$ cat start-v1.txt   # compact mmCIF, C-alpha atoms
# COMPACT_ATOMS: atom_id res chain seq x y z
CA MET G 1 -30.82 -21.28 33.15
CA TYR G 2 -32.64 -19.29 30.63
CA GLN G 3 -32.29 -20.50 27.07
CA CYS G 4 -33.18 -18.67 23.88
CA LYS G 5 -35.38 -20.57 21.58
CA PRO G 6 -34.55 -20.44 17.93
CA ILE G 7 -37.01 -18.46 15.87
CA ALA G 8 -38.46 -20.34 13.01
CA MET G 9 -37.61 -18.59 9.69
CA LYS G 10 -39.79 -18.86 6.70
CA ARG G 11 -38.04 -19.53 3.43
CA ILE G 12 -38.00 -16.49 1.20
CA PRO G 13 -38.93 -17.25 -2.38
CA LYS G 14 -36.05 -17.10 -4.85
CA LYS G 15 -37.82 -14.50 -7.02
CA SER G 16 -38.22 -12.21 -4.00
CA VAL G 17 -34.50 -12.47 -3.22
CA ILE G 18 -33.66 -11.50 -6.77
CA PHE G 19 -36.06 -8.57 -6.59
CA ILE G 20 -34.56 -7.31 -3.31
CA ILE G 21 -31.02 -7.50 -4.68
CA PHE G 22 -32.10 -5.69 -7.85
CA PHE G 23 -33.87 -3.02 -5.77
CA LEU G 24 -30.80 -2.41 -3.60
CA CYS G 25 -28.57 -2.21 -6.68
CA CYS G 26 -30.90 0.34 -8.24
CA ILE G 27 -30.75 2.48 -5.10
CA GLN G 28 -26.96 2.36 -5.16
CA MET G 29 -26.82 3.16 -8.88
CA TYR G 30 -29.24 6.06 -8.42
CA ALA G 31 -27.15 7.41 -5.56
CA GLN G 32 -23.99 7.17 -7.67
CA GLU G 33 -25.71 8.82 -10.65
CA ALA G 34 -26.97 11.64 -8.46
CA TYR G 35 -23.46 12.05 -7.08
CA PHE G 36 -21.94 12.17 -10.54
CA ASP G 37 -24.56 14.65 -11.70
CA GLU G 38 -23.59 16.92 -8.82
CA GLU G 39 -19.92 16.31 -9.60
CA ASP G 40 -20.47 17.11 -13.28
CA GLU G 41 -22.30 20.27 -12.33
CA PHE G 42 -19.30 21.30 -10.27
CA LEU G 43 -16.59 20.20 -12.68
CA TYR G 44 -18.38 21.10 -15.93
CA PRO G 45 -20.36 24.28 -15.25
CA ASP G 46 -22.72 25.75 -17.84
CA PHE G 47 -21.77 29.16 -19.19
CA THR G 48 -24.37 31.74 -20.16
CA VAL G 49 -24.18 34.33 -22.92
CA GLU G 50 -23.62 37.93 -21.80
CA HIS G 51 -25.31 40.31 -24.23
CA LEU G 52 -23.30 43.52 -24.58
CA HIS G 53 -24.94 45.23 -27.57
CA ASP G 54 -28.02 44.21 -29.57
CA GLU G 55 -28.18 46.43 -32.67
CA THR G 56 -26.73 45.10 -35.93
CA ALA G 57 -27.24 46.02 -39.58
CA PRO G 58 -28.29 43.31 -42.08
CA ASP G 59 -24.96 43.56 -43.92
CA ASP G 60 -22.85 43.86 -40.78
CA VAL G 61 -19.55 41.97 -40.57
CA ILE G 62 -19.32 39.98 -37.34
CA LEU G 63 -15.92 38.83 -36.07
CA PRO G 64 -15.51 36.09 -33.43
CA PHE G 65 -12.35 36.06 -31.32
CA ILE G 66 -10.95 34.75 -28.02
CA PHE G 67 -9.76 36.93 -25.15
CA ASN G 68 -9.20 36.29 -21.44
CA GLY G 69 -11.13 33.00 -21.46
CA TYR G 70 -14.13 34.45 -23.35
CA LEU G 71 -15.40 33.96 -26.88
CA TYR G 72 -16.52 37.35 -28.23
CA SER G 73 -18.69 38.35 -31.17
CA PHE G 74 -17.66 41.80 -32.47
CA SER G 75 -19.75 44.02 -34.77
CA LEU G 76 -17.61 45.84 -37.31
CA GLY G 77 -20.54 48.12 -38.14
CA ASN G 78 -21.07 49.25 -34.55
CA GLY G 79 -17.43 48.98 -33.56
CA THR G 80 -18.42 47.18 -30.35
CA PRO G 81 -18.75 43.59 -29.04
CA LEU G 82 -22.26 42.12 -29.37
CA TRP G 83 -21.99 39.29 -26.85
CA ARG G 84 -19.52 37.04 -25.11
CA ILE G 85 -19.52 33.63 -23.44
CA PHE G 86 -16.93 32.23 -21.06
CA ILE G 87 -15.32 29.09 -22.49
CA GLY G 88 -12.82 28.51 -19.70
CA GLY G 89 -9.54 29.44 -21.36
CA ASP G 90 -7.74 31.03 -24.28
CA LEU G 91 -8.16 28.21 -26.76
CA ARG G 92 -6.43 28.66 -30.08
CA ASN G 93 -9.26 29.85 -32.34
CA PRO G 94 -11.63 26.93 -31.58
CA PHE G 95 -14.39 28.05 -33.96
CA SER G 96 -15.68 28.01 -37.52
CA VAL G 97 -18.41 30.12 -39.13
CA ARG G 98 -20.90 29.27 -41.86
CA SER G 99 -23.98 31.22 -42.97
CA GLY G 100 -24.17 33.29 -39.80
CA THR G 101 -23.77 30.30 -37.47
CA LEU G 102 -20.79 29.92 -35.15
CA TYR G 103 -19.58 26.43 -34.23
CA PHE G 104 -17.12 26.31 -31.33
CA TYR G 105 -16.05 24.30 -28.29
CA ASP G 106 -14.98 25.10 -24.73
CA ILE G 107 -12.26 23.68 -22.47
CA TYR G 108 -14.69 20.95 -21.36
CA ASN G 109 -14.90 19.72 -24.97
CA ARG G 110 -18.51 20.69 -25.45
CA LEU G 111 -19.37 21.64 -29.02
CA TYR G 112 -21.83 24.53 -29.51
CA SER G 113 -23.88 25.90 -32.37
CA MET G 114 -24.75 29.55 -31.84
CA GLU G 115 -26.14 32.45 -33.86
CA LEU G 116 -23.14 34.68 -34.59
CA SER G 117 -24.89 38.04 -34.39
CA GLY G 118 -27.45 37.42 -31.65
CA GLY G 119 -25.70 34.86 -29.47
CA LYS G 120 -28.71 32.51 -29.47
CA LEU G 121 -27.76 28.92 -28.65
CA ALA G 122 -29.09 26.29 -31.07
CA TRP G 123 -27.53 23.18 -29.49
CA LYS G 124 -24.69 21.87 -27.35
CA THR G 125 -23.09 18.42 -27.65
CA GLU G 126 -20.82 16.71 -25.11
CA ILE G 127 -17.73 15.17 -26.67
CA ARG G 128 -15.97 14.40 -23.36
CA SER G 129 -12.59 13.88 -25.00
CA GLU G 130 -10.02 16.54 -25.83
CA ILE G 131 -10.97 18.22 -29.11
CA ILE G 132 -8.02 19.29 -31.26
CA GLY G 133 -8.13 21.96 -33.97
CA LYS G 134 -11.00 24.03 -35.26
CA PRO G 135 -14.26 22.35 -36.33
CA CYS G 136 -14.66 21.52 -40.03
CA ILE G 137 -17.91 22.20 -41.89
CA TYR G 138 -18.92 19.81 -44.68
CA GLU G 139 -22.40 20.08 -46.21
CA ASP G 140 -24.77 19.48 -43.25
CA LEU G 141 -22.05 18.11 -40.96
CA VAL G 142 -19.74 19.53 -38.33
CA ILE G 143 -16.62 17.38 -38.09
CA VAL G 144 -14.29 17.41 -35.09
CA SER G 145 -11.42 15.23 -34.01
CA THR G 146 -10.00 14.42 -30.60
CA GLN G 147 -6.45 14.16 -29.39
CA LYS G 148 -6.99 10.40 -28.92
CA GLY G 149 -7.81 10.02 -32.60
CA THR G 150 -11.61 9.71 -32.77
CA ILE G 151 -13.35 11.62 -35.58
CA TYR G 152 -16.96 12.72 -34.95
CA LEU G 153 -19.52 13.55 -37.63
CA ILE G 154 -22.23 15.72 -36.10
CA ASP G 155 -25.52 16.93 -37.58
CA SER G 156 -25.18 20.71 -37.92
CA ASP G 157 -28.92 21.21 -37.41
CA ASN G 158 -29.37 19.48 -34.04
CA GLY G 159 -25.93 18.48 -32.73
CA ARG G 160 -26.62 14.74 -32.86
CA VAL G 161 -23.57 12.54 -33.36
CA ILE G 162 -24.30 10.70 -36.60
CA TYR G 163 -21.14 8.66 -36.86
CA GLU G 164 -17.77 8.30 -35.23
CA TYR G 165 -14.75 6.31 -36.25
CA GLU G 166 -11.47 5.51 -34.62
CA SER G 167 -8.39 6.45 -36.56
CA LYS G 168 -4.70 5.51 -36.59
CA GLY G 169 -3.41 7.02 -33.33
CA GLU G 170 -3.07 10.29 -31.45
CA MET G 171 -3.64 13.47 -33.41
CA SER G 172 -1.58 16.61 -33.03
CA ALA G 173 -3.01 18.96 -35.68
CA ARG G 174 -6.43 19.97 -36.93
CA LEU G 175 -8.34 18.17 -39.67
CA ASN G 176 -8.38 19.23 -43.32
CA LEU G 177 -11.15 18.75 -45.89
CA PHE G 178 -10.59 17.95 -49.55
CA GLN G 179 -13.48 17.02 -51.83
CA ASN G 180 -15.20 14.07 -50.07
CA LEU G 181 -12.21 13.38 -47.80
CA VAL G 182 -11.34 14.36 -44.27
CA VAL G 183 -7.57 14.35 -43.88
CA ALA G 184 -6.05 13.65 -40.44
CA SER G 185 -2.47 14.19 -39.25
CA TYR G 186 -0.90 12.08 -36.50
CA LYS G 187 1.94 12.28 -34.04
CA ASN G 188 3.52 9.19 -35.58
CA GLY G 189 4.03 11.06 -38.86
CA GLN G 190 1.14 9.51 -40.75
CA ILE G 191 -1.39 11.44 -42.79
CA VAL G 192 -4.56 9.53 -43.63
CA ALA G 193 -7.45 10.57 -45.87
CA TYR G 194 -10.83 9.10 -44.89
CA ASP G 195 -13.99 8.98 -46.93
CA ILE G 196 -16.37 11.19 -44.96
CA ALA G 197 -19.41 9.04 -45.66
CA THR G 198 -17.93 5.65 -44.76
CA GLY G 199 -14.85 6.33 -42.65
CA ALA G 200 -12.78 4.11 -44.96
CA ALA G 201 -9.13 5.09 -45.43
CA GLU G 202 -8.61 6.13 -49.06
CA TRP G 203 -4.86 6.77 -48.87
CA MET G 204 -2.03 7.08 -46.38
CA PHE G 205 1.32 8.87 -46.37
CA THR G 206 4.06 8.51 -43.76
CA ALA G 207 6.52 11.30 -42.97
CA GLY G 208 9.67 10.87 -40.92
CA GLY G 209 8.53 12.71 -37.81
CA ILE G 210 5.69 14.16 -35.72
CA ILE G 211 3.23 16.42 -37.54
CA ASN G 212 1.87 19.07 -35.17
CA THR G 213 1.10 22.01 -37.47
CA ALA G 214 -2.01 22.16 -39.60
CA PRO G 215 -1.37 21.17 -43.23
CA VAL G 216 -2.60 23.42 -46.04
CA ILE G 217 -4.45 22.08 -49.09
CA GLU G 218 -4.47 24.20 -52.26
CA ASP G 219 -4.96 23.29 -55.91
CA GLY G 220 -5.06 19.57 -55.15
CA ARG G 221 -1.77 19.65 -53.26
CA MET G 222 -1.21 19.18 -49.56
CA PHE G 223 1.62 21.13 -47.90
CA PHE G 224 2.96 20.21 -44.47
CA GLY G 225 6.10 19.96 -42.35
CA ALA G 226 7.28 17.44 -39.78
CA TRP G 227 9.73 16.99 -36.93
CA ASP G 228 12.25 15.31 -39.23
CA ASP G 229 13.39 18.80 -40.35
CA THR G 230 11.60 18.24 -43.65
CA PHE G 231 8.83 20.01 -45.58
CA TYR G 232 6.58 17.87 -47.79
CA VAL G 233 4.16 18.35 -50.66
CA ILE G 234 1.90 15.45 -51.63
CA ASN G 235 -0.99 14.88 -54.01
CA ALA G 236 -4.23 15.37 -52.05
CA VAL G 237 -6.09 12.99 -54.39
CA ASN G 238 -3.93 9.90 -53.86
CA GLY G 239 -1.32 10.79 -51.20
CA LYS G 240 1.67 10.41 -53.54
CA LEU G 241 4.80 12.44 -52.79
CA ILE G 242 5.45 15.37 -55.14
CA TRP G 243 8.59 16.75 -53.45
CA LYS G 244 10.22 17.16 -50.07
CA THR G 245 12.95 19.49 -48.81
CA TYR G 246 15.25 19.26 -45.82
CA VAL G 247 15.14 22.63 -44.02
CA GLY G 248 17.40 21.88 -41.04
CA GLU G 249 14.89 22.42 -38.22
CA ASN G 250 11.66 20.91 -36.94
CA ILE G 251 8.57 22.54 -38.45
CA SER G 252 6.34 23.31 -35.49
CA ARG G 253 4.74 26.63 -36.49
CA ASP G 254 2.06 27.62 -38.97
CA PHE G 255 3.38 28.47 -42.43
CA MET G 256 2.05 30.39 -45.43
CA VAL G 257 1.49 29.27 -49.02
CA PHE G 258 1.61 31.98 -51.69
CA GLU G 259 1.33 31.76 -55.47
CA ASN G 260 5.00 30.91 -55.97
CA GLU G 261 6.47 30.63 -52.46
CA ILE G 262 6.05 28.87 -49.14
CA ILE G 263 7.08 30.85 -46.05
CA LEU G 264 8.29 28.95 -42.96
CA PHE G 265 8.78 30.46 -39.50
CA PHE G 266 11.08 29.18 -36.77
CA SER G 267 11.46 29.92 -33.08
CA LYS G 268 14.75 31.82 -33.08
CA GLY G 269 13.87 34.59 -35.51
CA GLN G 270 14.45 32.67 -38.74
CA ILE G 271 12.20 32.89 -41.82
CA LEU G 272 12.68 30.62 -44.82
CA GLY G 273 11.32 31.07 -48.35
CA LEU G 274 10.79 27.89 -50.43
CA ASN G 275 9.86 27.57 -54.08
CA ARG G 276 6.29 26.29 -54.11
CA TYR G 277 6.78 24.00 -57.11
CA ASN G 278 10.11 22.27 -56.42
CA GLY G 279 10.97 23.03 -52.77
CA ASP G 280 14.22 24.89 -53.46
CA ILE G 281 15.30 27.21 -50.65
CA GLU G 282 15.24 30.68 -52.23
CA TRP G 283 16.06 32.94 -49.30
CA VAL G 284 16.62 33.05 -45.52
CA LYS G 285 16.12 35.96 -43.10
CA TYR G 286 17.16 36.28 -39.46
CA PHE G 287 15.73 38.64 -36.84
CA VAL G 288 17.63 39.16 -33.60
CA ASN G 289 15.73 38.69 -30.31
CA ILE G 290 12.54 37.64 -32.11
CA GLU G 291 10.73 34.37 -31.48
CA PHE G 292 8.08 33.54 -34.04
CA ASN G 293 4.93 32.11 -32.47
CA PHE G 294 1.74 34.05 -33.20
CA ASN G 295 3.39 37.28 -34.37
CA TYR G 296 2.74 37.10 -38.12
CA PHE G 297 -0.10 36.86 -40.63
CA ALA G 298 -0.58 36.67 -44.39
CA GLY G 299 -1.67 39.59 -46.55
CA LYS G 300 -2.32 39.93 -50.26
CA ASP G 301 0.95 39.18 -52.10
CA LYS G 302 2.82 40.00 -48.89
CA PHE G 303 3.08 38.89 -45.29
CA PHE G 304 3.40 40.76 -42.01
CA ILE G 305 5.57 40.21 -38.96
CA PHE G 306 5.62 41.93 -35.56
CA VAL G 307 9.09 42.85 -34.31
CA PRO G 308 7.11 44.25 -32.35
CA GLU G 309 6.56 47.04 -34.91
CA LEU G 310 4.52 45.73 -37.84
CA ILE G 311 6.52 45.19 -41.06
CA ALA G 312 5.24 44.07 -44.48
CA MET G 313 7.54 41.65 -46.33
CA ASP G 314 7.79 40.34 -49.89
CA PRO G 315 7.43 36.52 -50.12
CA GLU G 316 9.55 36.43 -53.31
CA ASP G 317 12.78 37.60 -51.70
CA GLY G 318 12.07 38.37 -48.02
CA GLY G 319 12.62 42.09 -48.58
CA THR G 320 10.81 44.73 -46.53
CA ILE G 321 7.98 46.37 -48.48
CA PHE G 322 7.05 48.91 -45.83
CA SER G 323 7.06 49.65 -42.14
CA TYR G 324 3.47 50.18 -41.05
CA LYS G 325 4.42 53.04 -38.72
CA GLU G 326 6.01 54.98 -41.60
CA ARG G 327 3.06 54.16 -43.87
CA ALA G 328 0.57 55.39 -41.26
CA PHE G 329 2.55 58.58 -40.71
CA TYR G 330 2.62 59.19 -44.47
CA PHE G 331 -1.18 58.99 -44.67
CA TYR G 332 -1.42 61.22 -41.63
CA LYS G 333 0.65 63.93 -43.34
CA GLU G 334 -1.45 63.57 -46.49
CA MET G 335 -4.56 64.10 -44.38
CA LEU G 336 -3.08 67.27 -42.86
CA PHE G 337 -2.23 68.60 -46.31
CA GLU G 338 -5.71 67.90 -47.68
CA ASN G 339 -7.21 69.48 -44.58
CA MET G 340 -5.34 72.75 -45.24
CA ILE G 341 -6.11 72.76 -49.01
CA GLU G 342 -9.83 72.43 -48.35
CA GLY G 343 -9.70 75.48 -46.12
CA LYS G 344 -10.86 73.72 -42.95
CA HIS G 345 -9.67 74.80 -39.55
CA ARG G 346 -6.10 73.96 -38.61
CA LEU G 347 -5.99 70.90 -36.38
CA THR G 348 -5.24 71.42 -32.73
CA ASP G 349 -2.57 69.39 -30.94
CA MET G 350 -5.35 67.39 -29.27
CA GLU G 351 -6.97 66.59 -32.63
CA LYS G 352 -3.61 65.56 -34.07
CA LEU G 353 -3.03 63.24 -31.11
CA GLU G 354 -6.48 61.66 -31.59
CA PHE G 355 -5.81 61.07 -35.29
CA LEU G 356 -2.48 59.45 -34.57
CA SER G 357 -3.82 57.20 -31.81
CA ASP G 358 -7.28 56.29 -33.14
CA VAL G 359 -7.17 56.59 -36.93
CA TYR G 360 -3.57 56.44 -38.13
CA PHE G 361 -2.38 54.30 -35.27
CA SER G 362 0.52 51.89 -35.42
CA VAL G 363 0.91 48.64 -33.47
CA ASN G 364 3.90 48.06 -31.24
CA THR G 365 2.81 44.95 -29.39
CA TYR G 366 2.33 41.22 -30.03
CA PRO G 367 -0.85 39.19 -30.67
CA LEU G 368 -1.87 36.88 -27.83
CA LEU G 369 -3.19 34.23 -30.24
CA PRO G 370 -2.73 33.63 -33.98
CA PRO G 371 -4.44 36.37 -36.02
CA VAL G 372 -7.70 35.25 -37.63
CA THR G 373 -8.29 35.89 -41.33
CA GLU G 374 -11.83 36.61 -42.49
CA LYS G 375 -12.48 35.66 -46.15
CA GLY G 376 -9.04 36.91 -47.18
CA GLU G 377 -10.17 40.48 -46.61
CA LEU G 378 -9.58 41.12 -42.91
CA SER G 379 -7.06 39.89 -40.39
CA TYR G 380 -7.66 40.57 -36.71
CA PHE G 381 -6.24 39.76 -33.29
CA VAL G 382 -6.13 40.84 -29.66
CA ALA G 383 -2.70 42.09 -28.61
CA ASP G 384 -1.06 42.01 -25.21
CA ASP G 385 -2.15 45.63 -24.63
CA SER G 386 -5.77 44.29 -24.51
CA TYR G 387 -6.80 46.03 -27.72
CA LEU G 388 -8.60 44.33 -30.60
CA TYR G 389 -6.96 45.28 -33.91
CA VAL G 390 -8.59 44.73 -37.31
CA TYR G 391 -6.45 45.01 -40.44
CA ASP G 392 -7.95 45.55 -43.90
CA ILE G 393 -5.86 43.32 -46.19
CA GLU G 394 -7.13 44.98 -49.39
CA LYS G 395 -6.32 48.52 -48.22
CA ASP G 396 -3.27 47.52 -46.16
CA PHE G 397 -4.47 49.56 -43.24
CA PHE G 398 -5.78 49.07 -39.69
CA ILE G 399 -9.44 50.01 -39.46
CA VAL G 400 -10.27 49.10 -35.84
CA LYS G 401 -8.55 49.59 -32.51
CA TYR G 402 -10.89 48.69 -29.64
CA LYS G 403 -10.03 48.51 -25.95
CA LEU G 404 -11.40 45.40 -24.22
CA ASP G 405 -12.25 45.27 -20.53
$ encode --input "start-v1.txt" --output "structure tokens"
Amino acid sequence: MYQCKPIAMKRIPKKSVIFIIFFLCCIQMYAQEAYFDEEDEFLYPDFTVEHLHDETAPDDVILPFIFNGYLYSFSLGNGTPLWRIFIGGDLRNPFSVRSGTLYFYDIYNRLYSMELSGGKLAWKTEIRSEIIGKPCIYEDLVIVSTQKGTIYLIDSDNGRVIYEYESKGEMSARLNLFQNLVVASYKNGQIVAYDIATGAAEWMFTAGGIINTAPVIEDGRMFFGAWDDTFYVINAVNGKLIWKTYVGENISRDFMVFENEIILFFSKGQILGLNRYNGDIEWVKYFVNIEFNFNYFAGKDKFFIFVPELIAMDPEDGGTIFSYKERAFYFYKEMLFENMIEGKHRLTDMEKLEFLSDVYFSVNTYPLLPPVTEKGELSYFVADDSYLYVYDIEKDFFIVKYKLD
């Protein structure tokens, strides 16, 4: 009977065994890394800038806005978009501008620094956690927060994360800046002010409900509402309560702060006017079949609502100052009169139609996202008719109506 003889095995040195195991682990790790790189490339694609128009004047006003998943840069001088980049969705104004530089993020929570006029990318930083609210700019820092509660301090020159600190829980509203403090609002009703340099909590205030609308800080006071049907005003220096008012409904929409009044908006067509200094309810207005979401913006000593026709209202008493359609028609008639006095040719029906639609146009549709205000001089938005509208707050008149593809 044939028998197999055992083969004599040489003992493998212990160091060699360790090396082999390490080598095999490296191969496996490399394979996993390569797999994840491919997965990241599929799940987190890079978006390129599409240049639409290159010419800009040195004093041109450039307006960024979101439409149909793209971030656009619009030249007011040319009356056309300059460039656009796909960011993956209609995020709620996820950008801030300083000195011609646009800081924004996409749906993959990547923070960008880009030249506003030319669309040239300076840097891109991966946050990899859901960013909430628009970026804040403080000296040479870009500050962003995540829904989980982490606050990131990022070098505005190169995108490097300088410092990050964990905060007190999940956030539900954007950050605010006041002096050397970054002020964060949380779902648990807490508002905490952190020293930007150290991350140390300087003061804390606790409301009775969730805070999910961005507070407003003016003249050393912080204004905000919560889901305990209450509106609060606290001292932004030390977090001490100044006054609070029960308003009878959760505050879940952006509000406006004027010189003497605070204007609150609610879902079922209700608008409330509070006294800025003591919180007294001064007036209430109701609009039938209107739900206030993004369909309002602040003007100079007035505010505007879409019903869907645009109406200007007085913050002191909630009265209607003017209907924009009537105001536009008034200017149109004035133009016709001046045209005849100057002895120019009488306008044809086609010319009249062009004036009414392109110059003295009215708006009878709703904004898709909250209107953006530029330096208190312009307010602009894209409406659900796919037009970009730009309103001159000083002149109380629309100056741009541009059809987007």
$ atom_distance --input "start-v1.txt" --atom1 "CA of Ser113 in chain G" --atom2 "CA of Gly169 in chain G"
27.9 Å
$ residues_around --input "start-v1.txt" --residues "Met171 in chain G" --least-positions-apart "2" --cutoff "12 Å" --atoms "all atoms listed in the file" --output "PDB file with C-alpha atoms, keeping the file's coordinate frame"
ATOM      1  CA  GLU G 130     -10.020  16.540 -25.830  1.00  0.00           C
ATOM      2  CA  ILE G 131     -10.970  18.220 -29.110  1.00  0.00           C
ATOM      3  CA  ILE G 132      -8.020  19.290 -31.260  1.00  0.00           C
ATOM      4  CA  GLY G 133      -8.130  21.960 -33.970  1.00  0.00           C
ATOM      5  CA  VAL G 144     -14.290  17.410 -35.090  1.00  0.00           C
ATOM      6  CA  SER G 145     -11.420  15.230 -34.010  1.00  0.00           C
ATOM      7  CA  THR G 146     -10.000  14.420 -30.600  1.00  0.00           C
ATOM      8  CA  GLN G 147      -6.450  14.160 -29.390  1.00  0.00           C
ATOM      9  CA  LYS G 148      -6.990  10.400 -28.920  1.00  0.00           C
ATOM     10  CA  GLY G 149      -7.810  10.020 -32.600  1.00  0.00           C
ATOM     11  CA  THR G 150     -11.610   9.710 -32.770  1.00  0.00           C
ATOM     12  CA  ILE G 151     -13.350  11.620 -35.580  1.00  0.00           C
ATOM     13  CA  GLU G 166     -11.470   5.510 -34.620  1.00  0.00           C
ATOM     14  CA  SER G 167      -8.390   6.450 -36.560  1.00  0.00           C
ATOM     15  CA  LYS G 168      -4.700   5.510 -36.590  1.00  0.00           C
ATOM     16  CA  GLY G 169      -3.410   7.020 -33.330  1.00  0.00           C
ATOM     17  CA  ALA G 173      -3.010  18.960 -35.680  1.00  0.00           C
ATOM     18  CA  ARG G 174      -6.430  19.970 -36.930  1.00  0.00           C
ATOM     19  CA  LEU G 175      -8.340  18.170 -39.670  1.00  0.00           C
ATOM     20  CA  VAL G 183      -7.570  14.350 -43.880  1.00  0.00           C
ATOM     21  CA  ALA G 184      -6.050  13.650 -40.440  1.00  0.00           C
ATOM     22  CA  SER G 185      -2.470  14.190 -39.250  1.00  0.00           C
ATOM     23  CA  TYR G 186      -0.900  12.080 -36.500  1.00  0.00           C
ATOM     24  CA  LYS G 187       1.940  12.280 -34.040  1.00  0.00           C
ATOM     25  CA  ASN G 188       3.520   9.190 -35.580  1.00  0.00           C
ATOM     26  CA  GLY G 189       4.030  11.060 -38.860  1.00  0.00           C
ATOM     27  CA  GLN G 190       1.140   9.510 -40.750  1.00  0.00           C
ATOM     28  CA  ILE G 191      -1.390  11.440 -42.790  1.00  0.00           C
ATOM     29  CA  VAL G 192      -4.560   9.530 -43.630  1.00  0.00           C
ATOM     30  CA  ILE G 210       5.690  14.160 -35.720  1.00  0.00           C
ATOM     31  CA  ILE G 211       3.230  16.420 -37.540  1.00  0.00           C
ATOM     32  CA  ASN G 212       1.870  19.070 -35.170  1.00  0.00           C
ATOM     33  CA  THR G 213       1.100  22.010 -37.470  1.00  0.00           C
ATOM     34  CA  ALA G 214      -2.010  22.160 -39.600  1.00  0.00           C
TER      35      ALA G 214
END
$ residues_around --input "start-v1.txt" --residues "Ile154 in chain G" --least-positions-apart "3" --cutoff "9 Å" --atoms "all atoms listed in the file" --output "ChimeraX atom specification"
/G:125,140-144,157-164
$ closest_residue --input "start-v1.txt" --among "G:Phe294, G:Tyr387, G:Tyr232, G:Tyr360" --to "Arg276 in chain G" --atoms "only C-alpha atoms"
G:Tyr232
$ residues_near_point --input "start-v1.txt" --point "(18.9, 29.3, -44.9)" --cutoff "8 Å" --atoms "all atoms listed in the file" --output "tab-separated table (two decimals) with C-alpha atoms, in the coordinates of the input"
chain	number	residue	atom	x	y	z
G	247	VAL	CA	15.14	22.63	-44.02
G	272	LEU	CA	12.68	30.62	-44.82
G	281	ILE	CA	15.30	27.21	-50.65
G	283	TRP	CA	16.06	32.94	-49.30
G	284	VAL	CA	16.62	33.05	-45.52
G	285	LYS	CA	16.12	35.96	-43.10
$ residues_around --input "start-v1.txt" --residues "Trp227 in chain G" --least-positions-apart "3" --cutoff "8 Å" --atoms "only C-alpha atoms" --output "PyMOL selection string"
chain G and resi 208-211+230+249-252
$ atom_distance --input "start-v1.txt" --atom1 "CA of Phe397 in chain G" --atom2 "CA of Glu282 in chain G"
28.7 Å
$ residues_around --input "start-v1.txt" --residues "range 296-307 of chain G" --least-positions-apart "5" --cutoff "7 Å" --atoms "only C-alpha atoms" --output "list in words"
Met256, Ile290, Ala312, Met313, Asp314, Pro315, Tyr366, Pro371 and Ile393 of chain G
$ atom_distance --input "start-v1.txt" --atom1 "CA of Pro94 in chain G" --atom2 "CA of Tyr70 in chain G"
11.4 Å
$ residues_around --input "start-v1.txt" --residues "Phe47 in chain G" --least-positions-apart "3" --cutoff "8 Å" --atoms "all atoms listed in the file" --output "ChimeraX atom specification"
/G:85-87
